[in-house]
Amino acid sequence: MNARVRALAPLRHRDYRLLIGAVAAELFAAGMWTVVMVFQVIAIRDTPTALSMVAACLSAGLLAFALVGGIAADRLPKRAVLVAVQAVNLVTVSLVTALALSDAIALWHMAVASAVLGAGTAFFFPTYTALLPNVLPAEELLAANGMEGALRPTLQQGAGPAVAGMVVGAFIPATGAFIVAAFHACALVLLLCVRVPRERMEETESQEKTSVLADLKEGISFTITTPWLLWTLIAACVMTFVVMGPVEVLLPFITRELFDNGEQRFGTILAAFGVGGALGSLAVSSRPLPRRYLTIMLMCWGVGTLPLAVFAFTTSFTVMIIATFVIGFADAAGMVLWGTLLQRRVPLGMIGRVASLDFFVSLALMPVSIAVTGPLSTVVPRWVLFTVAGVAPLVLMLIALVAGRMFADEIANPLDTGNERVDIVVEPAQRAESVETAAGTASDEASAECAGRSANSATAASTTTPATPK
């Protein structure tokens, strides 16, 4: 299979086309909302404090429901969760539009709306991650994750904000909110048309006998006793703390000090990261899953972050663009591999919780990193902070590789060799009879794998996941 065919293979499945269409609409709407929210808040109360409060509500809603979203993804029908999220988003943004058009909107309306949309994100993407293996065959998950990885920077970080800026500039923020609501409506319609195969009976029965807290405990326990998850989460958590502060806080000041049009240059640097991310996602998804998938994934994050150190010394805008492009390319490549491994090496009934735990860990330290970087930069030279941000991830990933025994793990658990777990049924005509067979086989193999982990947790290996929130 050539690279182009491999990357586009998931699109031959009707349900996946509908699902990725809904994801694209959600990403575009989220990108537009970041701009619409800013200018609607400014129209209500033109103060930095007001904007900061509403933006904080968006992050708070996301963080507060990150773990709950994963539990819901594993306990409830996944399509129903996605439909409910889009329905709530549609109602929320429609109310904002109506209130803004009637000139009755208040700051607290925007705060509540942002919190609701943030919570919706916490439910939507872990559920999408958990649903995907029920829609596509295992060998096409890498391509599907690559497609999402390419859409995210293109739509959420690029096209969405750009269109919102033009619309709000030409009209009023309420017009932008109306378009955001329209895209949530499109996502809702597409999701209603998705036909999901019958989920495994044993998973449903298990969920009916446990409480929410028990489910959360089970997800955390699974992660802690699975070295490839545990060590990657630890490395990713520390990496987030080390990297995000310098990028979010110090880089804007560097561009303003070095260049006359610093704000524009900063935006261009971020755009280079997005372009690199899109191309990195497509590059990985166009190739077969690598044999040394854990090593390559962690090295994407470790080696790929090294160019961040050049910001400590260079004054060249071109060098900054190239460095940021490389970082974006490598980061996205690692994220595509991570998402695929999560869907293929975590039992189906646990994917939502593990994905949300990854989400939560990444988000939890991001604001801490941003908060401490400013004061720290007054006593520690910037070049030191950027050097640490560039080099530390490689050290962290090497530690994770060794501590998690990942070299042995990826040899003991080969993928795409014909012996890996088969989790799903794709073609509608085959679903009725083959879902039961696939479910039974996968259940036995997942049970065997979990048993192996319990017996050998000290020697099991590691895989993957720094998380820049999806």
# chains A, B, ... in the order shown; residues from 1 in each chain; ligands from 1
$ residues_around --residues "stretch 170-183 of chain A" --least-positions-apart "3" --cutoff "8 Å" --atoms "only C-alpha atoms" --output "list in words"
Ala25, Glu26, Phe28, Ala29, Ala30, Met32, Trp33, Val36, Met37, Phe39, Gln40, Asn89, Leu90, Val91, Val93, Ser94, Val96, Thr97, Ala98, Ala100, Leu101, Ala164, Met166, Val167, Cys186 and Ala187 of chain A
$ write_last_selection --atoms "C-alpha atoms" --output "short mmCIF file (atom, residue, chain, number, x, y, z; two decimals), in the first residue's frame"
data_model
loop_
_atom_site.label_atom_id
_atom_site.label_comp_id
_atom_site.auth_asym_id
_atom_site.auth_seq_id
_atom_site.Cartn_x
_atom_site.Cartn_y
_atom_site.Cartn_z
CA ALA A 25 -16.66 20.73 12.71
CA GLU A 26 -15.92 20.61 16.45
CA PHE A 28 -13.29 24.55 13.64
CA ALA A 29 -15.97 25.72 16.07
CA ALA A 30 -13.52 25.58 18.99
CA MET A 32 -13.61 30.24 16.16
CA TRP A 33 -14.83 30.42 19.76
CA VAL A 36 -15.38 35.22 19.36
CA MET A 37 -15.08 34.86 23.14
CA PHE A 39 -14.16 40.16 21.39
CA GLN A 40 -17.54 39.46 22.96
CA ASN A 89 -22.66 23.04 22.86
CA LEU A 90 -25.29 24.01 20.29
CA VAL A 91 -27.74 25.19 22.95
CA VAL A 93 -23.64 29.00 21.88
CA SER A 94 -27.15 29.64 20.54
CA VAL A 96 -24.96 33.41 23.73
CA THR A 97 -25.88 34.48 20.20
CA ALA A 98 -29.45 35.35 21.17
CA ALA A 100 -25.73 39.18 22.33
CA LEU A 101 -28.12 40.11 19.52
CA ALA A 164 -13.59 34.32 13.28
CA MET A 166 -12.58 38.26 9.65
CA VAL A 167 -16.23 37.76 10.62
CA CYS A 186 -23.38 20.24 11.68
CA ALA A 187 -21.37 18.07 14.07
#
$ select_by_dssp --residues "stretch 186-302 of chain A" --states "helix (DSSP H, G or I)" --output "PyMOL selection string"
chain A and resi 186-192+201-208+212-224+227-258+262-285+293-302
$ write_last_selection --atoms "C-alpha atoms" --output "JSON list (two decimals), in the first residue's frame"
[["chain", "number", "residue", "atom", "x", "y", "z"],
["A", 186, "CYS", "CA", -23.38, 20.24, 11.68],
["A", 187, "ALA", "CA", -21.37, 18.07, 14.07],
["A", 188, "LEU", "CA", -24.58, 17.00, 15.81],
["A", 189, "VAL", "CA", -26.26, 15.96, 12.56],
["A", 190, "LEU", "CA", -23.20, 13.99, 11.42],
["A", 191, "LEU", "CA", -22.96, 12.15, 14.74],
["A", 192, "LEU", "CA", -26.65, 11.23, 14.62],
["A", 201, "MET", "CA", -21.75, -7.25, 26.56],
["A", 202, "GLU", "CA", -19.10, -8.13, 29.14],
["A", 203, "GLU", "CA", -17.98, -4.47, 29.30],
["A", 204, "THR", "CA", -21.55, -3.25, 29.84],
["A", 205, "GLU", "CA", -22.22, -5.84, 32.52],
["A", 206, "SER", "CA", -19.01, -4.94, 34.32],
["A", 207, "GLN", "CA", -19.85, -1.26, 34.28],
["A", 208, "GLU", "CA", -23.31, -1.87, 35.69],
["A", 212, "VAL", "CA", -18.04, 5.87, 39.25],
["A", 213, "LEU", "CA", -15.32, 6.00, 41.90],
["A", 214, "ALA", "CA", -14.56, 2.33, 41.35],
["A", 215, "ASP", "CA", -14.21, 2.97, 37.63],
["A", 216, "LEU", "CA", -11.85, 5.86, 38.29],
["A", 217, "LYS", "CA", -9.81, 3.76, 40.69],
["A", 218, "GLU", "CA", -9.65, 0.96, 38.14],
["A", 219, "GLY", "CA", -8.37, 3.32, 35.45],
["A", 220, "ILE", "CA", -5.70, 4.79, 37.73],
["A", 221, "SER", "CA", -4.68, 1.33, 38.94],
["A", 222, "PHE", "CA", -4.34, 0.07, 35.39],
["A", 223, "THR", "CA", -2.13, 3.02, 34.48],
["A", 224, "ILE", "CA", 0.08, 2.66, 37.55],
["A", 227, "PRO", "CA", 4.85, 0.59, 33.02],
["A", 228, "TRP", "CA", 4.64, 1.83, 29.44],
["A", 229, "LEU", "CA", 1.77, 4.09, 30.45],
["A", 230, "LEU", "CA", 3.12, 5.09, 33.84],
["A", 231, "TRP", "CA", 6.60, 6.12, 32.79],
["A", 232, "THR", "CA", 5.45, 7.98, 29.73],
["A", 233, "LEU", "CA", 2.89, 9.92, 31.76],
["A", 234, "ILE", "CA", 5.56, 10.83, 34.30],
["A", 235, "ALA", "CA", 7.94, 11.97, 31.57],
["A", 236, "ALA", "CA", 5.19, 13.86, 29.76],
["A", 237, "CYS", "CA", 4.01, 15.55, 32.95],
["A", 238, "VAL", "CA", 7.47, 16.89, 33.77],
["A", 239, "MET", "CA", 8.05, 17.80, 30.12],
["A", 240, "THR", "CA", 4.89, 19.90, 30.11],
["A", 241, "PHE", "CA", 6.06, 21.73, 33.22],
["A", 242, "VAL", "CA", 9.51, 22.43, 31.76],
["A", 243, "VAL", "CA", 8.45, 23.43, 28.23],
["A", 244, "MET", "CA", 5.12, 25.25, 28.35],
["A", 245, "GLY", "CA", 6.17, 28.18, 30.53],
["A", 246, "PRO", "CA", 9.06, 29.39, 28.35],
["A", 247, "VAL", "CA", 7.01, 28.97, 25.18],
["A", 248, "GLU", "CA", 3.85, 30.68, 26.43],
["A", 249, "VAL", "CA", 5.41, 33.37, 28.62],
["A", 250, "LEU", "CA", 8.94, 34.16, 27.44],
["A", 251, "LEU", "CA", 8.72, 33.66, 23.68],
["A", 252, "PRO", "CA", 6.28, 36.57, 23.15],
["A", 253, "PHE", "CA", 8.66, 38.90, 25.01],
["A", 254, "ILE", "CA", 11.64, 37.70, 22.97],
["A", 255, "THR", "CA", 9.90, 38.43, 19.67],
["A", 256, "ARG", "CA", 8.79, 41.87, 20.86],
["A", 257, "GLU", "CA", 12.31, 42.76, 21.97],
["A", 258, "LEU", "CA", 14.07, 41.47, 18.84],
["A", 262, "GLY", "CA", 6.97, 41.37, 17.42],
["A", 263, "GLU", "CA", 3.32, 40.39, 17.70],
["A", 264, "GLN", "CA", 3.13, 39.42, 14.04],
["A", 265, "ARG", "CA", 6.41, 37.51, 14.24],
["A", 266, "PHE", "CA", 5.15, 35.62, 17.30],
["A", 267, "GLY", "CA", 2.00, 34.64, 15.42],
["A", 268, "THR", "CA", 4.09, 33.45, 12.48],
["A", 269, "ILE", "CA", 6.24, 31.32, 14.78],
["A", 270, "LEU", "CA", 3.12, 29.67, 16.21],
["A", 271, "ALA", "CA", 1.84, 29.12, 12.67],
["A", 272, "ALA", "CA", 5.10, 27.33, 11.81],
["A", 273, "PHE", "CA", 4.46, 25.00, 14.74],
["A", 274, "GLY", "CA", 0.98, 24.28, 13.40],
["A", 275, "VAL", "CA", 2.21, 23.63, 9.85],
["A", 276, "GLY", "CA", 4.91, 21.32, 11.19],
["A", 277, "GLY", "CA", 2.31, 19.51, 13.28],
["A", 278, "ALA", "CA", 0.01, 18.94, 10.33],
["A", 279, "LEU", "CA", 2.82, 17.62, 8.14],
["A", 280, "GLY", "CA", 4.23, 15.48, 10.96],
["A", 281, "SER", "CA", 0.84, 13.87, 11.52],
["A", 282, "LEU", "CA", 0.44, 13.09, 7.83],
["A", 283, "ALA", "CA", 4.01, 11.79, 7.51],
["A", 284, "VAL", "CA", 3.60, 9.25, 10.30],
["A", 285, "SER", "CA", 0.14, 8.16, 9.20],
["A", 293, "TYR", "CA", 7.11, 2.11, 18.12],
["A", 294, "LEU", "CA", 7.81, 3.05, 21.74],
["A", 295, "THR", "CA", 11.39, 4.12, 21.12],
["A", 296, "ILE", "CA", 10.51, 6.18, 18.06],
["A", 297, "MET", "CA", 7.56, 7.82, 19.78],
["A", 298, "LEU", "CA", 9.54, 8.92, 22.82],
["A", 299, "MET", "CA", 12.46, 10.06, 20.68],
["A", 300, "CYS", "CA", 10.07, 12.19, 18.66],
["A", 301, "TRP", "CA", 9.31, 14.07, 21.86],
["A", 302, "GLY", "CA", 12.85, 13.98, 23.28]]
$ atom_distance --atom1 "atom CA of A:Gly349" --atom2 "atom CA of A:Thr210"
13.0 Å
$ closest_residue --among "A:Ala309, A:Ser369, A:Leu342, A:Leu348" --to "A:Ala392" --atoms "only C-alpha atoms"
A:Ala309
$ closest_residue --among "A:Pro137, A:Pro307, A:Pro414, A:Pro153" --to "A:Val388" --atoms "only C-alpha atoms"
A:Pro307
$ atom_distance --atom1 "atom CA of A:Pro126" --atom2 "atom CA of A:Gly352"
5.1 Å
$ atom_distance --atom1 "atom CA of A:Phe65" --atom2 "atom CA of A:Phe359"
10.3 Å
$ closest_residue --among "A:Phe360, A:Phe329, A:Phe123, A:Phe317" --to "A:Leu82" --atoms "only C-alpha atoms"
A:Phe123
$ residues_around --residues "A:Val194" --least-positions-apart "5" --cutoff "9 Å" --atoms "only C-alpha atoms" --output "number ranges by chain"
A: 14-16, 18-19, 79
$ write_last_selection --atoms "C-alpha atoms" --output "PDB file, in the first residue's frame"
ATOM      1  CA  ARG A  14     -18.886   5.493   5.889  1.00  0.00           C
ATOM      2  CA  ASP A  15     -19.078   5.791   9.662  1.00  0.00           C
ATOM      3  CA  TYR A  16     -15.542   7.110   9.891  1.00  0.00           C
ATOM      4  CA  LEU A  18     -19.180  10.960   9.350  1.00  0.00           C
ATOM      5  CA  LEU A  19     -17.183  10.800  12.569  1.00  0.00           C
ATOM      6  CA  ARG A  79     -21.978   7.872  20.299  1.00  0.00           C
TER       7      ARG A  79
END
$ residues_around --residues "stretch 44-61 of chain A" --least-positions-apart "4" --cutoff "7 Å" --atoms "only C-alpha atoms" --output "PDB file with C-alpha atoms, in the first residue's frame"
ATOM      1  CA  VAL A  38     -12.321  37.468  23.327  1.00  0.00           C
ATOM      2  CA  GLN A  40     -17.537  39.460  22.960  1.00  0.00           C
ATOM      3  CA  PHE A  65     -14.335  17.342  33.963  1.00  0.00           C
ATOM      4  CA  ALA A 106     -23.603  39.908  30.676  1.00  0.00           C
ATOM      5  CA  LEU A 107     -20.103  38.874  31.627  1.00  0.00           C
ATOM      6  CA  MET A 110     -19.814  34.365  28.846  1.00  0.00           C
ATOM      7  CA  ALA A 111     -18.120  32.827  31.873  1.00  0.00           C
ATOM      8  CA  SER A 114     -16.969  29.103  28.365  1.00  0.00           C
ATOM      9  CA  ALA A 115     -17.019  26.699  31.304  1.00  0.00           C
ATOM     10  CA  VAL A 116     -19.677  24.566  29.592  1.00  0.00           C
ATOM     11  CA  LEU A 117     -17.719  24.453  26.333  1.00  0.00           C
ATOM     12  CA  GLY A 118     -14.558  23.549  28.228  1.00  0.00           C
ATOM     13  CA  ALA A 119     -16.378  20.713  29.963  1.00  0.00           C
TER      14      ALA A 119
END
$ residues_around --residues "A:Leu155" --least-positions-apart "2" --cutoff "8 Å" --atoms "only C-alpha atoms" --output "MDAnalysis selection string"
chainID A and resid 24 27:28 31 151:153 157:160
$ write_last_selection --atoms "C-alpha atoms" --output "PDB file, in the first residue's frame"
ATOM      1  CA  ALA A  24     -13.550  18.656  11.982  1.00  0.00           C
ATOM      2  CA  LEU A  27     -12.306  21.694  15.941  1.00  0.00           C
ATOM      3  CA  PHE A  28     -13.286  24.554  13.641  1.00  0.00           C
ATOM      4  CA  GLY A  31     -11.010  27.610  17.003  1.00  0.00           C
ATOM      5  CA  LEU A 151      -6.938  18.679  11.216  1.00  0.00           C
ATOM      6  CA  ARG A 152      -6.284  20.026  14.711  1.00  0.00           C
ATOM      7  CA  PRO A 153      -3.655  22.664  13.857  1.00  0.00           C
ATOM      8  CA  GLN A 157      -5.332  26.812  15.465  1.00  0.00           C
ATOM      9  CA  GLY A 158      -5.477  28.132  11.911  1.00  0.00           C
ATOM     10  CA  ALA A 159      -8.689  28.368   9.896  1.00  0.00           C
ATOM     11  CA  GLY A 160     -11.098  28.721  12.838  1.00  0.00           C
TER      12      GLY A 160
END
$ decode --residues "stretch 203-252 of chain A" --atoms "N, CA and C atoms" --output "PDB file, in the first residue's frame"
ATOM      1  N   GLU A 203     -18.358  -5.797  28.819  1.00  0.00           N
ATOM      2  CA  GLU A 203     -17.985  -4.473  29.302  1.00  0.00           C
ATOM      3  C   GLU A 203     -19.175  -3.786  29.953  1.00  0.00           C
ATOM      4  N   THR A 204     -20.342  -3.879  29.313  1.00  0.00           N
ATOM      5  CA  THR A 204     -21.548  -3.250  29.839  1.00  0.00           C
ATOM      6  C   THR A 204     -21.934  -3.856  31.180  1.00  0.00           C
ATOM      7  N   GLU A 205     -21.855  -5.185  31.270  1.00  0.00           N
ATOM      8  CA  GLU A 205     -22.222  -5.843  32.515  1.00  0.00           C
ATOM      9  C   GLU A 205     -21.281  -5.440  33.641  1.00  0.00           C
ATOM     10  N   SER A 206     -19.977  -5.336  33.308  1.00  0.00           N
ATOM     11  CA  SER A 206     -19.014  -4.935  34.322  1.00  0.00           C
ATOM     12  C   SER A 206     -19.283  -3.523  34.813  1.00  0.00           C
ATOM     13  N   GLN A 207     -19.617  -2.644  33.903  1.00  0.00           N
ATOM     14  CA  GLN A 207     -19.849  -1.261  34.276  1.00  0.00           C
ATOM     15  C   GLN A 207     -21.092  -1.115  35.136  1.00  0.00           C
ATOM     16  N   GLU A 208     -22.091  -1.965  34.913  1.00  0.00           N
ATOM     17  CA  GLU A 208     -23.314  -1.872  35.691  1.00  0.00           C
ATOM     18  C   GLU A 208     -23.088  -2.252  37.145  1.00  0.00           C
ATOM     19  N   LYS A 209     -22.019  -3.014  37.438  1.00  0.00           N
ATOM     20  CA  LYS A 209     -21.784  -3.501  38.784  1.00  0.00           C
ATOM     21  C   LYS A 209     -20.817  -2.621  39.569  1.00  0.00           C
ATOM     22  N   THR A 210     -20.302  -1.573  38.963  1.00  0.00           N
ATOM     23  CA  THR A 210     -19.313  -0.741  39.631  1.00  0.00           C
ATOM     24  C   THR A 210     -19.797   0.697  39.737  1.00  0.00           C
ATOM     25  N   SER A 211     -19.224   1.402  40.708  1.00  0.00           N
ATOM     26  CA  SER A 211     -19.544   2.813  40.885  1.00  0.00           C
ATOM     27  C   SER A 211     -18.591   3.665  40.059  1.00  0.00           C
ATOM     28  N   VAL A 212     -18.907   4.944  39.986  1.00  0.00           N
ATOM     29  CA  VAL A 212     -18.039   5.866  39.251  1.00  0.00           C
ATOM     30  C   VAL A 212     -16.654   5.911  39.886  1.00  0.00           C
ATOM     31  N   LEU A 213     -16.606   5.967  41.221  1.00  0.00           N
ATOM     32  CA  LEU A 213     -15.317   6.005  41.900  1.00  0.00           C
ATOM     33  C   LEU A 213     -14.531   4.726  41.667  1.00  0.00           C
ATOM     34  N   ALA A 214     -15.243   3.595  41.628  1.00  0.00           N
ATOM     35  CA  ALA A 214     -14.561   2.330  41.353  1.00  0.00           C
ATOM     36  C   ALA A 214     -13.980   2.320  39.948  1.00  0.00           C
ATOM     37  N   ASP A 215     -14.721   2.878  39.002  1.00  0.00           N
ATOM     38  CA  ASP A 215     -14.208   2.968  37.631  1.00  0.00           C
ATOM     39  C   ASP A 215     -12.966   3.849  37.566  1.00  0.00           C
ATOM     40  N   LEU A 216     -13.004   4.968  38.277  1.00  0.00           N
ATOM     41  CA  LEU A 216     -11.851   5.863  38.293  1.00  0.00           C
ATOM     42  C   LEU A 216     -10.645   5.169  38.922  1.00  0.00           C
ATOM     43  N   LYS A 217     -10.887   4.483  40.025  1.00  0.00           N
ATOM     44  CA  LYS A 217      -9.807   3.763  40.692  1.00  0.00           C
ATOM     45  C   LYS A 217      -9.232   2.682  39.781  1.00  0.00           C
ATOM     46  N   GLU A 218     -10.100   2.005  39.059  1.00  0.00           N
ATOM     47  CA  GLU A 218      -9.645   0.957  38.143  1.00  0.00           C
ATOM     48  C   GLU A 218      -8.754   1.537  37.044  1.00  0.00           C
ATOM     49  N   GLY A 219      -9.167   2.686  36.496  1.00  0.00           N
ATOM     50  CA  GLY A 219      -8.366   3.316  35.449  1.00  0.00           C
ATOM     51  C   GLY A 219      -7.003   3.756  35.955  1.00  0.00           C
ATOM     52  N   ILE A 220      -6.975   4.353  37.151  1.00  0.00           N
ATOM     53  CA  ILE A 220      -5.703   4.791  37.730  1.00  0.00           C
ATOM     54  C   ILE A 220      -4.826   3.594  38.052  1.00  0.00           C
ATOM     55  N   SER A 221      -5.436   2.540  38.609  1.00  0.00           N
ATOM     56  CA  SER A 221      -4.681   1.334  38.944  1.00  0.00           C
ATOM     57  C   SER A 221      -4.076   0.697  37.703  1.00  0.00           C
ATOM     58  N   PHE A 222      -4.854   0.639  36.635  1.00  0.00           N
ATOM     59  CA  PHE A 222      -4.343   0.068  35.386  1.00  0.00           C
ATOM     60  C   PHE A 222      -3.139   0.861  34.885  1.00  0.00           C
ATOM     61  N   THR A 223      -3.234   2.176  34.955  1.00  0.00           N
ATOM     62  CA  THR A 223      -2.134   3.021  34.479  1.00  0.00           C
ATOM     63  C   THR A 223      -0.889   2.833  35.333  1.00  0.00           C
ATOM     64  N   ILE A 224      -1.062   2.797  36.650  1.00  0.00           N
ATOM     65  CA  ILE A 224       0.079   2.664  37.554  1.00  0.00           C
ATOM     66  C   ILE A 224       0.774   1.317  37.382  1.00  0.00           C
ATOM     67  N   THR A 225       0.012   0.268  37.140  1.00  0.00           N
ATOM     68  CA  THR A 225       0.590  -1.071  37.021  1.00  0.00           C
ATOM     69  C   THR A 225       0.979  -1.434  35.595  1.00  0.00           C
ATOM     70  N   THR A 226       0.868  -0.486  34.683  1.00  0.00           N
ATOM     71  CA  THR A 226       1.273  -0.714  33.295  1.00  0.00           C
ATOM     72  C   THR A 226       2.444   0.211  33.004  1.00  0.00           C
ATOM     73  N   PRO A 227       3.677  -0.292  33.079  1.00  0.00           N
ATOM     74  CA  PRO A 227       4.853   0.588  33.015  1.00  0.00           C
ATOM     75  C   PRO A 227       4.937   1.474  31.784  1.00  0.00           C
ATOM     76  N   TRP A 228       4.519   0.979  30.628  1.00  0.00           N
ATOM     77  CA  TRP A 228       4.640   1.830  29.436  1.00  0.00           C
ATOM     78  C   TRP A 228       3.728   3.041  29.500  1.00  0.00           C
ATOM     79  N   LEU A 229       2.629   2.932  30.224  1.00  0.00           N
ATOM     80  CA  LEU A 229       1.767   4.091  30.454  1.00  0.00           C
ATOM     81  C   LEU A 229       2.322   4.980  31.565  1.00  0.00           C
ATOM     82  N   LEU A 230       2.691   4.340  32.664  1.00  0.00           N
ATOM     83  CA  LEU A 230       3.117   5.089  33.844  1.00  0.00           C
ATOM     84  C   LEU A 230       4.331   5.966  33.563  1.00  0.00           C
ATOM     85  N   TRP A 231       5.367   5.369  32.976  1.00  0.00           N
ATOM     86  CA  TRP A 231       6.600   6.124  32.790  1.00  0.00           C
ATOM     87  C   TRP A 231       6.465   7.197  31.723  1.00  0.00           C
ATOM     88  N   THR A 232       5.638   6.940  30.739  1.00  0.00           N
ATOM     89  CA  THR A 232       5.446   7.983  29.735  1.00  0.00           C
ATOM     90  C   THR A 232       4.651   9.145  30.307  1.00  0.00           C
ATOM     91  N   LEU A 233       3.647   8.842  31.123  1.00  0.00           N
ATOM     92  CA  LEU A 233       2.886   9.916  31.761  1.00  0.00           C
ATOM     93  C   LEU A 233       3.771  10.753  32.681  1.00  0.00           C
ATOM     94  N   ILE A 234       4.648  10.085  33.421  1.00  0.00           N
ATOM     95  CA  ILE A 234       5.559  10.827  34.301  1.00  0.00           C
ATOM     96  C   ILE A 234       6.462  11.742  33.479  1.00  0.00           C
ATOM     97  N   ALA A 235       7.053  11.175  32.417  1.00  0.00           N
ATOM     98  CA  ALA A 235       7.943  11.974  31.570  1.00  0.00           C
ATOM     99  C   ALA A 235       7.189  13.120  30.905  1.00  0.00           C
ATOM    100  N   ALA A 236       5.982  12.826  30.435  1.00  0.00           N
ATOM    101  CA  ALA A 236       5.188  13.856  29.756  1.00  0.00           C
ATOM    102  C   ALA A 236       4.770  14.961  30.717  1.00  0.00           C
ATOM    103  N   CYS A 237       4.437  14.571  31.944  1.00  0.00           N
ATOM    104  CA  CYS A 237       4.009  15.546  32.947  1.00  0.00           C
ATOM    105  C   CYS A 237       5.134  16.535  33.245  1.00  0.00           C
ATOM    106  N   VAL A 238       6.325  16.015  33.481  1.00  0.00           N
ATOM    107  CA  VAL A 238       7.466  16.885  33.772  1.00  0.00           C
ATOM    108  C   VAL A 238       7.843  17.702  32.539  1.00  0.00           C
ATOM    109  N   MET A 239       7.749  17.082  31.357  1.00  0.00           N
ATOM    110  CA  MET A 239       8.054  17.797  30.119  1.00  0.00           C
ATOM    111  C   MET A 239       7.120  18.998  29.940  1.00  0.00           C
ATOM    112  N   THR A 240       5.845  18.798  30.214  1.00  0.00           N
ATOM    113  CA  THR A 240       4.887  19.901  30.115  1.00  0.00           C
ATOM    114  C   THR A 240       5.280  21.048  31.036  1.00  0.00           C
ATOM    115  N   PHE A 241       5.668  20.710  32.247  1.00  0.00           N
ATOM    116  CA  PHE A 241       6.058  21.734  33.216  1.00  0.00           C
ATOM    117  C   PHE A 241       7.291  22.504  32.752  1.00  0.00           C
ATOM    118  N   VAL A 242       8.248  21.806  32.164  1.00  0.00           N
ATOM    119  CA  VAL A 242       9.507  22.431  31.759  1.00  0.00           C
ATOM    120  C   VAL A 242       9.348  23.275  30.499  1.00  0.00           C
ATOM    121  N   VAL A 243       8.510  22.822  29.565  1.00  0.00           N
ATOM    122  CA  VAL A 243       8.451  23.429  28.231  1.00  0.00           C
ATOM    123  C   VAL A 243       7.420  24.546  28.114  1.00  0.00           C
ATOM    124  N   MET A 244       6.229  24.349  28.660  1.00  0.00           N
ATOM    125  CA  MET A 244       5.124  25.255  28.348  1.00  0.00           C
ATOM    126  C   MET A 244       5.354  26.677  28.844  1.00  0.00           C
ATOM    127  N   GLY A 245       5.941  26.838  30.004  1.00  0.00           N
ATOM    128  CA  GLY A 245       6.169  28.175  30.533  1.00  0.00           C
ATOM    129  C   GLY A 245       7.028  29.041  29.624  1.00  0.00           C
ATOM    130  N   PRO A 246       8.236  28.579  29.263  1.00  0.00           N
ATOM    131  CA  PRO A 246       9.063  29.386  28.353  1.00  0.00           C
ATOM    132  C   PRO A 246       8.388  29.703  27.028  1.00  0.00           C
ATOM    133  N   VAL A 247       7.659  28.737  26.472  1.00  0.00           N
ATOM    134  CA  VAL A 247       7.011  28.970  25.180  1.00  0.00           C
ATOM    135  C   VAL A 247       5.885  29.986  25.310  1.00  0.00           C
ATOM    136  N   GLU A 248       5.032  29.826  26.304  1.00  0.00           N
ATOM    137  CA  GLU A 248       3.853  30.676  26.432  1.00  0.00           C
ATOM    138  C   GLU A 248       4.165  32.053  27.024  1.00  0.00           C
ATOM    139  N   VAL A 249       5.149  32.121  27.901  1.00  0.00           N
ATOM    140  CA  VAL A 249       5.407  33.367  28.625  1.00  0.00           C
ATOM    141  C   VAL A 249       6.594  34.142  28.053  1.00  0.00           C
ATOM    142  N   LEU A 250       7.712  33.466  27.818  1.00  0.00           N
ATOM    143  CA  LEU A 250       8.940  34.163  27.436  1.00  0.00           C
ATOM    144  C   LEU A 250       9.058  34.420  25.944  1.00  0.00           C
ATOM    145  N   LEU A 251       8.570  33.493  25.128  1.00  0.00           N
ATOM    146  CA  LEU A 251       8.724  33.659  23.682  1.00  0.00           C
ATOM    147  C   LEU A 251       8.063  34.938  23.154  1.00  0.00           C
ATOM    148  N   PRO A 252       6.858  35.301  23.621  1.00  0.00           N
ATOM    149  CA  PRO A 252       6.281  36.574  23.147  1.00  0.00           C
ATOM    150  C   PRO A 252       7.157  37.787  23.469  1.00  0.00           C
TER     151      PRO A 252
END
